[in-house]
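Shown next: structure-v9.cif, containing mmCIF, C-alpha atoms.
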data_start
loop_
_atom_site.label_atom_id
_atom_site.label_comp_id
_atom_site.auth_asym_id
_atom_site.auth_seq_id
_atom_site.Cartn_x
_atom_site.Cartn_y
_atom_site.Cartn_z
CA MET S 1 0.00 0.00 0.00
CA SER S 2 2.98 2.32 0.32
CA LYS S 3 3.64 2.22 -3.43
CA TYR S 4 1.41 3.73 -6.07
CA ASN S 5 1.61 3.64 -9.84
CA ILE S 6 1.66 6.98 -11.58
CA THR S 7 1.68 7.95 -15.22
CA LEU S 8 2.46 11.48 -16.23
CA GLU S 9 3.84 13.51 -19.09
CA LEU S 10 6.99 15.42 -18.21
CA ASN S 11 8.60 17.72 -20.77
CA GLY S 12 6.64 15.93 -23.47
CA VAL S 13 7.85 12.46 -22.45
CA LYS S 14 5.50 9.93 -20.89
CA HIS S 15 6.68 8.34 -17.63
CA SER S 16 5.13 5.44 -15.74
CA ASN S 17 6.60 4.66 -12.34
CA SER S 18 5.77 3.00 -9.08
CA VAL S 19 6.47 5.62 -6.41
CA ASP S 20 6.49 5.67 -2.63
CA THR S 21 3.33 7.48 -1.52
CA LYS S 22 5.42 9.71 0.74
CA LYS S 23 7.71 10.90 -2.03
CA LEU S 24 7.48 14.56 -2.98
CA LEU S 25 7.06 15.50 -6.62
CA LEU S 26 10.31 17.49 -6.29
CA ASN S 27 12.24 14.38 -5.24
CA TYR S 28 10.55 12.24 -7.88
CA ILE S 29 11.74 14.69 -10.55
CA ARG S 30 15.26 14.94 -9.13
CA GLU S 31 15.91 11.39 -7.91
CA ASP S 32 13.79 9.15 -10.13
CA LEU S 33 13.94 11.12 -13.37
CA HIS S 34 17.43 12.58 -12.69
CA LEU S 35 16.38 16.07 -13.70
CA THR S 36 18.20 18.25 -11.19
CA GLY S 37 17.38 21.69 -12.61
CA THR S 38 14.45 21.90 -10.20
CA LYS S 39 15.92 22.92 -6.83
CA GLU S 40 14.98 22.63 -3.20
CA SER S 41 15.77 25.53 -0.90
CA CYS S 42 13.24 26.02 1.87
CA GLY S 43 11.11 22.93 1.34
CA GLU S 44 8.02 24.67 2.69
CA GLY S 45 6.66 26.74 -0.17
CA GLU S 46 8.26 30.04 0.79
CA CYS S 47 11.05 30.39 -1.79
CA GLY S 48 9.81 29.10 -5.15
CA SER S 49 13.11 27.41 -6.10
CA CYS S 50 11.22 24.17 -6.82
CA THR S 51 8.65 25.79 -9.13
CA VAL S 52 7.45 23.65 -12.04
CA ILE S 53 4.50 24.10 -14.37
CA MET S 54 1.80 21.55 -13.72
CA ASP S 55 -1.23 21.50 -16.02
CA GLY S 56 -0.44 25.07 -17.05
CA LYS S 57 0.01 26.48 -13.57
CA ALA S 58 3.15 27.39 -11.62
CA VAL S 59 3.31 25.28 -8.46
CA ASN S 60 5.81 24.48 -5.72
CA SER S 61 6.88 20.87 -6.32
CA CYS S 62 8.07 20.60 -2.68
CA LEU S 63 4.47 20.77 -1.48
CA ILE S 64 3.03 18.18 -3.82
CA LEU S 65 3.25 14.43 -3.44
CA ALA S 66 4.44 12.58 -6.53
CA VAL S 67 1.22 10.55 -6.42
CA GLU S 68 -0.80 13.75 -6.75
CA ALA S 69 0.87 14.35 -10.11
CA ASP S 70 -0.66 11.19 -11.58
CA LYS S 71 -2.18 11.93 -15.01
CA SER S 72 -0.76 15.46 -15.08
CA LYS S 73 1.35 17.33 -17.60
CA ILE S 74 4.50 18.86 -16.15
CA THR S 75 7.17 21.15 -17.53
CA THR S 76 10.49 21.66 -15.74
CA ILE S 77 13.38 23.96 -16.63
CA GLU S 78 14.88 21.16 -18.75
CA GLY S 79 11.78 21.20 -20.95
CA LEU S 80 12.07 24.80 -22.11
CA GLU S 81 14.90 24.50 -24.61
CA ILE S 82 13.68 23.10 -27.91
CA GLU S 83 16.26 21.64 -30.32
CA GLY S 84 19.01 23.91 -29.11
CA ASN S 85 16.84 27.02 -29.06
CA LEU S 86 16.56 28.61 -25.66
CA ASP S 87 13.26 29.83 -24.32
CA SER S 88 12.95 33.62 -24.50
CA ILE S 89 13.10 33.83 -20.69
CA GLN S 90 16.34 31.86 -20.60
CA GLN S 91 17.69 34.21 -23.30
CA GLY S 92 16.52 37.23 -21.33
CA PHE S 93 18.56 36.12 -18.29
CA ILE S 94 21.64 35.68 -20.48
CA ASP S 95 21.24 39.01 -22.25
CA GLU S 96 20.70 40.96 -19.03
CA HIS S 97 23.21 39.01 -16.89
CA GLY S 98 20.35 38.10 -14.52
CA VAL S 99 22.14 35.15 -12.89
CA GLN S 100 24.40 35.36 -9.84
CA CYS S 101 24.82 32.05 -7.98
CA GLY S 102 21.96 30.72 -10.11
CA PHE S 103 20.29 28.44 -7.60
CA CYS S 104 16.96 30.28 -7.64
CA ILE S 105 16.88 30.97 -11.36
CA PRO S 106 15.07 27.85 -12.63
CA GLY S 107 12.24 28.71 -10.23
CA PHE S 108 12.08 32.31 -11.41
CA ILE S 109 12.07 31.20 -15.04
CA MET S 110 9.30 28.63 -14.57
CA THR S 111 7.12 31.11 -12.66
CA ALA S 112 7.62 33.72 -15.38
CA ARG S 113 6.98 31.13 -18.12
CA ALA S 114 3.60 30.17 -16.62
CA ALA S 115 2.67 33.85 -16.27
CA PHE S 116 3.63 34.63 -19.89
CA ASP S 117 1.55 31.68 -21.07
CA SER S 118 -1.54 32.50 -19.03
CA ASP S 119 -1.55 36.26 -19.58
CA PRO S 120 -0.57 37.51 -23.05
CA ASP S 121 -1.09 41.11 -21.87
CA LEU S 122 1.41 40.83 -19.04
CA LYS S 123 3.06 44.20 -18.40
CA ARG S 124 6.48 45.15 -17.13
CA SER S 125 4.90 46.51 -13.94
CA ASP S 126 3.34 43.08 -13.25
CA ILE S 127 6.72 41.32 -13.03
CA PRO S 128 7.51 41.87 -9.31
CA GLY S 129 4.04 40.59 -8.37
CA VAL S 130 4.38 37.55 -10.62
CA VAL S 131 7.64 36.41 -9.03
CA ALA S 132 6.71 37.47 -5.48
CA GLY S 133 6.85 33.81 -4.44
CA ASN S 134 10.46 33.39 -5.59
CA LEU S 135 13.37 34.38 -3.38
CA CYS S 136 16.93 35.17 -4.48
CA ARG S 137 19.41 34.99 -1.61
CA CYS S 138 21.96 36.91 -3.72
CA THR S 139 19.22 39.59 -3.74
CA GLY S 140 19.74 40.20 -7.45
CA TYR S 141 16.16 41.28 -8.00
CA VAL S 142 16.82 44.32 -10.20
CA LYS S 143 18.63 42.23 -12.80
CA ILE S 144 16.08 39.44 -12.49
CA PHE S 145 13.22 41.87 -13.20
CA LYS S 146 15.22 43.32 -16.12
CA SER S 147 15.84 39.83 -17.50
CA ILE S 148 12.15 38.95 -17.41
CA ASP S 149 11.27 42.29 -18.95
CA LYS S 150 13.78 41.62 -21.75
CA ALA S 151 12.15 38.23 -22.24
CA LEU S 152 8.74 39.86 -22.54
CA ARG S 153 10.09 42.01 -25.39
CA LEU S 154 11.84 39.03 -27.03
CA GLU S 155 8.65 37.02 -26.82
CA ARG S 156 6.63 39.71 -28.57
CA LYS S 157 9.14 39.91 -31.37
CA ARG S 158 8.98 36.17 -32.07
CA MET H 1 1.30 5.44 3.95
CA ILE H 2 -1.96 4.63 2.20
CA TYR H 3 -2.97 7.04 -0.55
CA ILE H 4 -6.59 7.10 -1.62
CA LYS H 5 -8.31 9.32 -4.13
CA PRO H 6 -12.10 9.08 -3.78
CA ALA H 7 -13.98 9.78 -7.01
CA ASP H 8 -16.92 11.60 -5.48
CA LYS H 9 -18.28 13.05 -2.26
CA LYS H 10 -20.25 9.93 -1.36
CA GLU H 11 -17.14 7.77 -1.56
CA LEU H 12 -15.21 10.30 0.50
CA LEU H 13 -17.81 10.47 3.29
CA GLU H 14 -17.89 6.65 3.44
CA LEU H 15 -14.13 6.55 3.67
CA VAL H 16 -13.73 9.07 6.52
CA ALA H 17 -16.46 7.30 8.50
CA GLN H 18 -14.48 4.03 8.54
CA PRO H 19 -12.51 3.16 11.69
CA SER H 20 -9.35 2.70 9.60
CA PHE H 21 -9.36 6.43 8.77
CA ARG H 22 -9.12 7.31 12.45
CA LYS H 23 -6.81 4.43 13.31
CA ASN H 24 -4.31 5.64 10.70
CA ASN H 25 -4.67 9.28 11.79
CA GLY H 26 -6.02 9.86 8.29
CA GLN H 27 -5.59 13.30 6.78
CA ILE H 28 -7.63 15.05 4.11
CA LEU H 29 -5.34 16.42 1.41
CA ALA H 30 -6.62 19.39 -0.59
CA GLY H 31 -4.06 21.99 -1.72
CA GLY H 32 -1.43 20.57 0.61
CA SER H 33 0.15 23.92 1.42
CA ASP H 34 -0.42 23.44 5.16
CA LEU H 35 -0.64 19.63 5.42
CA LEU H 36 2.59 18.86 3.54
CA VAL H 37 4.52 21.41 5.63
CA LYS H 38 3.19 19.79 8.82
CA MET H 39 4.18 16.33 7.54
CA GLU H 40 7.62 17.33 6.24
CA HIS H 41 8.71 19.79 8.92
CA PHE H 42 6.53 19.53 12.00
CA GLY H 43 6.48 15.78 12.55
CA LEU H 44 2.84 15.09 11.70
CA LYS H 45 2.57 11.32 11.36
CA THR H 46 -0.16 9.84 9.24
CA GLY H 47 -0.77 6.41 7.78
CA MET H 48 -3.46 7.53 5.36
CA ILE H 49 -3.83 10.41 2.94
CA VAL H 50 -7.22 11.03 1.35
CA ASP H 51 -6.71 13.22 -1.71
CA VAL H 52 -9.98 15.04 -2.38
CA LYS H 53 -8.88 17.13 -5.34
CA SER H 54 -10.64 15.08 -8.00
CA ILE H 55 -14.08 15.72 -6.48
CA LYS H 56 -15.25 18.28 -8.99
CA SER H 57 -18.57 19.00 -7.27
CA LEU H 58 -16.68 20.64 -4.38
CA ARG H 59 -15.08 23.30 -6.56
CA GLY H 60 -16.68 26.43 -7.98
CA ILE H 61 -18.33 29.77 -7.24
CA THR H 62 -22.02 30.38 -7.96
CA LYS H 63 -24.58 33.10 -7.30
CA LYS H 64 -28.30 32.43 -7.14
CA ASP H 65 -31.04 34.51 -5.50
CA ASN H 66 -28.45 36.84 -4.00
CA VAL H 67 -26.66 33.95 -2.24
CA ILE H 68 -23.06 33.19 -3.14
CA ARG H 69 -21.81 29.64 -2.69
CA ILE H 70 -18.18 28.62 -2.80
CA GLY H 71 -17.17 24.96 -2.91
CA SER H 72 -14.54 24.12 -0.31
CA LEU H 73 -12.02 22.97 -2.93
CA THR H 74 -12.12 26.29 -4.78
CA THR H 75 -8.55 27.56 -5.04
CA LEU H 76 -7.27 30.97 -4.07
CA SER H 77 -6.57 31.63 -7.77
CA ASP H 78 -10.22 30.81 -8.59
CA ILE H 79 -11.32 33.28 -5.89
CA LEU H 80 -8.97 35.99 -7.13
CA GLU H 81 -10.20 35.64 -10.71
CA SER H 82 -13.92 35.44 -9.87
CA LYS H 83 -16.01 38.36 -11.15
CA ILE H 84 -18.89 37.22 -8.94
CA LEU H 85 -16.71 37.78 -5.88
CA SER H 86 -15.01 41.00 -6.94
CA LYS H 87 -18.47 42.45 -7.51
CA ASN H 88 -20.31 40.99 -4.52
CA ALA H 89 -17.67 40.42 -1.84
CA PRO H 90 -14.77 42.77 -2.63
CA ASN H 91 -12.92 42.22 0.64
CA LEU H 92 -12.70 38.48 -0.02
CA THR H 93 -11.10 39.21 -3.42
CA GLN H 94 -8.73 41.63 -1.71
CA ALA H 95 -7.71 38.98 0.83
CA ALA H 96 -7.06 36.48 -1.97
CA LYS H 97 -4.89 39.05 -3.73
CA ASN H 98 -2.70 39.42 -0.63
CA PHE H 99 -2.52 35.65 -0.12
CA ALA H 100 1.02 34.22 -0.38
CA ALA H 101 2.06 34.16 -4.08
CA ILE H 102 0.99 32.58 -7.37
CA GLN H 103 2.44 29.11 -6.73
CA MET H 104 0.53 28.81 -3.46
CA ARG H 105 -2.67 30.42 -4.76
CA ASN H 106 -2.78 27.85 -7.56
CA ARG H 107 -2.98 25.01 -5.01
CA SER H 108 -4.37 26.37 -1.73
CA THR H 109 -8.11 26.05 -1.18
CA ILE H 110 -10.65 28.10 0.75
CA GLY H 111 -11.67 24.98 2.68
CA GLY H 112 -8.09 24.33 3.68
CA ASN H 113 -7.56 27.91 4.77
CA ILE H 114 -10.64 27.65 7.01
CA CYS H 115 -10.05 24.13 8.38
CA ASN H 116 -6.41 24.85 9.22
CA ALA H 117 -7.99 27.26 11.72
CA SER H 118 -5.10 29.65 12.04
CA PRO H 119 -6.00 32.93 13.77
CA ALA H 120 -3.99 34.49 10.92
CA GLY H 121 -5.85 32.65 8.13
CA ASP H 122 -6.21 35.25 5.38
CA LEU H 123 -9.71 34.44 4.17
CA ILE H 124 -11.28 34.11 7.60
CA PRO H 125 -11.71 37.81 8.55
CA PRO H 126 -13.59 38.64 5.31
CA LEU H 127 -15.80 35.58 5.84
CA TYR H 128 -16.55 36.77 9.40
CA ALA H 129 -17.47 40.21 8.05
CA LEU H 130 -19.70 38.52 5.45
CA GLU H 131 -21.29 36.38 8.21
CA ALA H 132 -20.61 33.28 6.14
CA THR H 133 -22.32 29.95 6.78
CA LEU H 134 -20.36 26.70 6.58
CA LYS H 135 -21.94 23.47 5.39
CA LEU H 136 -20.57 20.42 7.19
CA GLU H 137 -21.39 17.03 5.74
CA SER H 138 -21.00 13.48 6.95
CA GLN H 139 -22.75 10.16 6.39
CA ARG H 140 -24.83 11.05 9.43
CA GLY H 141 -26.24 14.10 7.68
CA ILE H 142 -25.70 17.76 6.92
CA ARG H 143 -25.43 20.62 9.39
CA THR H 144 -24.69 24.29 8.95
CA VAL H 145 -22.77 26.52 11.33
CA ASN H 146 -22.07 30.22 11.31
CA ILE H 147 -18.35 30.71 10.74
CA GLN H 148 -18.08 32.42 14.14
CA GLN H 149 -19.15 29.18 15.82
CA PHE H 150 -16.71 27.05 13.82
CA PHE H 151 -13.41 27.83 15.56
CA LYS H 152 -12.53 26.70 19.08
CA GLY H 153 -8.95 27.97 19.18
CA PRO H 154 -5.75 27.96 17.15
CA GLY H 155 -5.94 24.87 14.90
CA LYS H 156 -9.15 23.72 16.60
CA THR H 157 -12.62 23.56 15.07
CA VAL H 158 -16.00 21.94 15.74
CA LEU H 159 -15.48 19.65 12.75
CA LYS H 160 -15.94 15.97 13.69
CA PRO H 161 -13.44 13.38 12.37
CA ASP H 162 -15.98 12.04 9.88
CA GLU H 163 -17.14 15.47 8.76
CA LEU H 164 -16.22 17.46 5.71
CA LEU H 165 -16.54 21.19 5.11
CA SER H 166 -18.24 21.16 1.72
CA GLU H 167 -19.47 24.69 1.08
CA ILE H 168 -19.17 28.28 2.22
CA SER H 169 -22.12 30.60 1.56
CA PHE H 170 -23.08 34.20 2.26
CA SER H 171 -25.33 36.97 0.95
CA ALA H 172 -24.03 39.17 -1.85
CA LEU H 173 -23.19 42.68 -0.69
CA PRO H 174 -25.00 45.62 -2.31
CA SER H 175 -22.65 47.57 -4.58
CA SER H 176 -23.00 50.59 -2.27
CA THR H 177 -21.38 48.71 0.64
CA PHE H 178 -17.88 49.71 1.64
CA SER H 179 -16.04 46.39 1.73
CA ARG H 180 -12.41 46.46 2.76
CA PHE H 181 -9.53 44.25 3.78
CA TYR H 182 -6.09 45.11 4.99
CA LYS H 183 -3.29 42.79 6.01
CA LEU H 184 -0.29 44.12 7.83
CA GLY H 185 2.61 41.74 7.25
CA GLN H 186 6.37 41.95 7.25
CA ARG H 187 6.31 42.11 3.46
CA GLU H 188 3.62 42.38 0.80
CA SER H 189 3.75 38.77 -0.37
CA MET H 190 4.23 35.44 1.44
CA ALA H 191 3.58 37.11 4.79
CA ILE H 192 1.66 35.70 7.72
CA ALA H 193 -0.52 38.49 9.07
CA VAL H 194 0.70 40.56 12.01
CA VAL H 195 -2.78 42.02 12.05
CA SER H 196 -5.56 41.74 9.49
CA LEU H 197 -8.81 43.65 9.29
CA ALA H 198 -11.92 43.04 7.20
CA LEU H 199 -14.84 45.43 7.17
CA ASN H 200 -18.22 45.83 5.55
CA PHE H 201 -20.41 48.85 6.20
CA ASN H 202 -22.95 51.11 4.56
CA SER H 203 -23.40 54.84 4.81
CA GLU H 204 -27.01 55.99 4.99
CA ASN H 205 -27.77 59.71 5.42
CA ASN H 206 -24.19 60.06 6.60
CA ARG H 207 -24.73 57.45 9.31
CA PHE H 208 -23.00 54.11 9.73
CA LYS H 209 -25.23 51.16 8.95
CA ASP H 210 -24.70 47.36 8.95
CA VAL H 211 -21.17 47.67 10.32
CA ARG H 212 -19.20 44.42 10.43
CA ILE H 213 -15.63 44.48 11.71
CA ALA H 214 -13.49 41.34 11.81
CA LEU H 215 -9.95 41.21 13.16
CA GLY H 216 -7.33 38.53 12.48
CA SER H 217 -4.13 37.61 14.36
CA VAL H 218 -5.19 39.42 17.52
CA ALA H 219 -6.87 36.59 19.48
CA PRO H 220 -6.92 32.76 19.59
CA THR H 221 -9.40 32.87 16.72
CA VAL H 222 -10.45 35.60 14.29
CA ILE H 223 -12.92 37.83 16.15
CA ARG H 224 -15.70 40.28 15.42
CA ALA H 225 -15.24 43.65 17.16
CA LYS H 226 -18.86 43.66 18.24
CA GLU H 227 -18.63 46.47 20.80
CA ALA H 228 -16.99 48.73 18.23
CA GLU H 229 -19.69 47.80 15.72
CA LYS H 230 -22.39 48.73 18.27
CA ILE H 231 -20.90 52.16 18.91
CA LEU H 232 -20.82 52.91 15.18
CA GLU H 233 -24.21 51.51 14.17
CA GLY H 234 -26.66 54.32 13.37
CA THR H 235 -24.24 57.03 14.50
CA ASP H 236 -23.32 60.11 12.45
CA ILE H 237 -20.06 59.50 10.62
CA SER H 238 -17.33 61.60 12.25
CA PRO H 239 -13.61 61.24 12.99
CA GLU H 240 -14.42 61.33 16.73
CA ILE H 241 -16.74 58.33 16.70
CA VAL H 242 -14.33 56.41 14.49
CA GLU H 243 -11.49 57.09 16.95
CA LYS H 244 -13.68 55.94 19.80
CA ALA H 245 -14.65 52.76 17.96
CA ALA H 246 -11.00 52.00 17.20
CA LYS H 247 -10.12 52.33 20.89
CA ILE H 248 -12.91 49.93 21.79
CA ALA H 249 -11.88 47.47 19.07
CA ALA H 250 -8.29 47.50 20.36
CA LYS H 251 -9.66 46.56 23.80
CA GLU H 252 -11.67 43.70 22.32
CA CYS H 253 -8.44 42.07 21.12
CA SER H 254 -6.44 39.62 23.21
CA PRO H 255 -3.22 39.35 21.19
CA ILE H 256 -0.07 37.45 22.02
CA SER H 257 3.56 38.36 21.41
CA ASP H 258 5.31 36.08 18.93
CA VAL H 259 8.05 36.13 16.30
CA ARG H 260 6.05 38.43 14.06
CA SER H 261 5.08 41.12 16.54
CA SER H 262 4.48 42.05 20.14
CA ALA H 263 0.99 42.07 21.60
CA ASP H 264 1.22 45.83 22.22
CA TYR H 265 2.13 46.50 18.61
CA ARG H 266 -0.82 44.43 17.39
CA ARG H 267 -3.23 46.38 19.58
CA LEU H 268 -1.71 49.67 18.46
CA MET H 269 -2.07 48.68 14.81
CA VAL H 270 -5.78 47.93 15.27
CA LEU H 271 -6.12 51.38 16.81
CA ARG H 272 -4.31 53.05 13.89
CA LEU H 273 -5.62 50.98 10.95
CA LEU H 274 -9.32 50.79 11.77
CA PRO H 275 -9.95 54.54 11.29
CA GLU H 276 -8.23 54.36 7.88
CA LEU H 277 -10.53 51.55 6.77
CA LEU H 278 -13.65 53.34 8.03
CA LYS H 279 -13.08 56.38 5.83
CA ILE H 280 -15.85 57.22 3.38
CA ALA H 281 -14.04 57.95 0.11
#

Conversion result in structure tokens:
Amino acid sequence: MSKYNITLELNGVKHSNSVDTKKLLLNYIREDLHLTGTKESCGEGECGSCTVIMDGKAVNSCLILAVEADKSKITTIEGLEIEGNLDSIQQGFIDEHGVQCGFCIPGFIMTARAAFDSDPDLKRSDIPGVVAGNLCRCTGYVKIFKSIDKALRLERKR
Amino acid sequence: MIYIKPADKKELLELVAQPSFRKNNGQILAGGSDLLVKMEHFGLKTGMIVDVKSIKSLRGITKKDNVIRIGSLTTLSDILESKILSKNAPNLTQAAKNFAAIQMRNRSTIGGNICNASPAGDLIPPLYALEATLKLESQRGIRTVNIQQFFKGPGKTVLKPDELLSEISFSALPSSTFSRFYKLGQRESMAIAVVSLALNFNSENNRFKDVRIALGSVAPTVIRAKEAEKILEGTDISPEIVEKAAKIAAKECSPISDVRSSADYRRLMVLRLLPELLKIA
């Protein structure tokens, strides 16, 4: 009874696994699927480092059991690059030098990605509110906001 | 740990009525934003998780005959985006806006926020000011309680082990009602309230009418400042009466000192913030 079969689509690839019912989605992604771009910092939903997109919505994967993700569609930071082409948000962080230590960045990018996808009219002034659930211990917020703003402009050009 | 995902409400109520649910210290899992933290960081031991998220009938916001009904599994994001609520219960929308951040709002549910029974629960003060009714269901039947009778203390409610909070309902506010919410936290997002205030009131011939004042984080449960409401009701609107009411409301609080604030500061903030929220403009 402590194992449960789940089937989900992660970054476009179907996975079927038997997982421990206590396992967090975060640890399933990192340990079972070996995708370590999704990070754990606080482990209690405060910092957003573990953000993934689940069925179109940004969520903290540290507060979701792997079994809850059964039949869902998930995108992690590894799923953004398509055939060598970076996502516009990834490009924005490169162009604006938005990364310091980098630990929080996958979370910021996934939160921004979900917001771009759900709100095509997203404005520059919305950015701080969008990523309010993501913390950067290097406190590089100005460059992070600039990077996301650059991405917004890149996105509209594409 | 047993993981079960009942398909509908009937199956769920059967499940929580079984002795094995209690024997395993079974836990209802909705958004998980409180439960998973308790399990991962605060040593909550459970042998059974009942995941209720696939019960579609428990999610949604409707308005019929001036009554608004919110299913207990409605998420904070649903509440924030609801036009029914922004039109008919503005302070509830405002509280949802100040709730944590996007990642949490996408998962957290109104039922979870209520049943977690924190005196700092963000949605509870607006629901007090709206005089919301809670529908509690079990195999034994259905009962309704006023939200003010639901809480017994921090983390404690009148909910029985086999009972489920299924629906929250209240009357729509007239568009002329002043409906306000303010949360004082250590930052704008992701903050647990130091003090929170939710108000509804009308102004009729420059007199206060139907005043409802709810205060969060200043007592073991959210409270209504009933003495302050009484002073205001039917009285000419003036800065003096508002000051007086704020002093009375501050006395109605019984705050504690904790990591977020001292008791004195909480009382002082009620005294300072209430007059701001009672302004007609």

Counting only C-alpha atoms, collect the residues of chain H whose closest atom lies at most 12 Å from chain S, and write them out as a PyMOL selection string. chain H and resi 1-5+29-42+45-54+77+97-108+187-192

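Distance-wise, CA of Thr235 (chain H) and CA of Leu278 (chain H) end up 12.9 Å apart.
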
For Ala225 (chain H), list every protein, DNA or RNA residue within 12 Å, evaluated using all atoms listed in the file, and leave out those in the same chain fewer than 2 positions away; present the list as number ranges by chain. H: 125, 128-129, 148, 197-199, 211-216, 218-219, 222-223, 227-232, 245-254, 270-271, 274

What lies within 9 Å of Glu96 (chain S) using all atoms listed in the file, ignoring chain neighbours under 6 positions off, as a PyMOL selection string? chain S and resi 143-144+146-148+150

Writer output for current selection, C-alpha atoms, as a PDB file, in the frame of the given file:
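To be explicit, this is the file written out as selection-v2.pdb:
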ATOM      1  CA  LYS S 143      18.630  42.230 -12.800  1.00  0.00           C
ATOM      2  CA  ILE S 144      16.080  39.440 -12.490  1.00  0.00           C
ATOM      3  CA  LYS S 146      15.220  43.320 -16.120  1.00  0.00           C
ATOM      4  CA  SER S 147      15.840  39.830 -17.500  1.00  0.00           C
ATOM      5  CA  ILE S 148      12.150  38.950 -17.410  1.00  0.00           C
ATOM      6  CA  LYS S 150      13.780  41.620 -21.750  1.00  0.00           C
TER       7      LYS S 150
END

Quick one: pull the distance between CA of Asp70 (chain S) and CA of Glu167 (chain H), Å, one decimal.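 If I compute the distance from CA of Asp70 (chain S) to CA of Glu167 (chain H), I get 26.4 Å.
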
Specify as a VMD selection string each residue included when the PyMOL selection byres ((chain H and resi 165) around 6) is applied to this file. chain H and resid 135 to 136 164 166

Polymer residues at most 12 Å from Leu86 (chain S), all atoms listed in the file, same-chain spacing of 6 or more positions, as a list in words: Ile77, Glu78, Gly79, Leu80, Gly92, Phe93, Ile94, Asp95, Ile109, Ala151, Leu154 and Glu155 of chain S

As an exercise, work out the distance from CA of Ile84 (chain H) to CA of Gly141 (chain H) in Å and give it to one decimal place. 29.4 Å

Using only C-alpha atoms, which residue out of H:Ser262, H:Gly112, H:Asn88, H:Asp162 lies closest to Lys64 (chain H)? H:Asn88

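Taken over the whole file, the PyMOL selection byres ((chain S and resi 12) around 12) covers exactly Leu8, Glu9, Leu10, Asn11, Val13, Lys14, His15, Ser72, Lys73, Ile74, Thr75, Thr76, Glu78, Gly79, Leu80, Glu81 and Ile82 of chain S.
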
Care to translate the PyMOL selection byres ((chain H and resi 118) around 12) into actual residues of this file, as JSON, numbers by chain? {"H": [34, 112, 113, 114, 115, 116, 117, 119, 120, 121, 122, 123, 124, 125, 151, 152, 153, 154, 155, 156, 157, 192, 193, 216, 217, 218, 219, 220, 221, 222]}

Mind checking which residues fall within 12 Å of Arg158 (chain S), counting all atoms listed in the file, ignoring those fewer than 5 positions away in the same chain, and posting them as a PyMOL selection string? chain S and resi 87-88+151-153

Could you check which of S:Asn5, S:Ile89, S:Leu26, S:Thr139 is closest to Arg113 (chain S), using all atoms listed in the file? S:Ile89

Ranking S:Gly56, S:Ile6, S:Pro128, S:Lys39 by minimum distance to Lys23 (chain S) and counting all atoms listed in the file, which one comes first?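 Comparing S:Gly56, S:Ile6, S:Pro128, S:Lys39 against Lys23 (chain S), the winner is S:Ile6.
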
With only C-alpha atoms as the basis for distance, which of S:Phe145, S:Phe108, S:His97, S:Arg30 is at the shortest distance from Arg124 (chain S)? S:Phe145
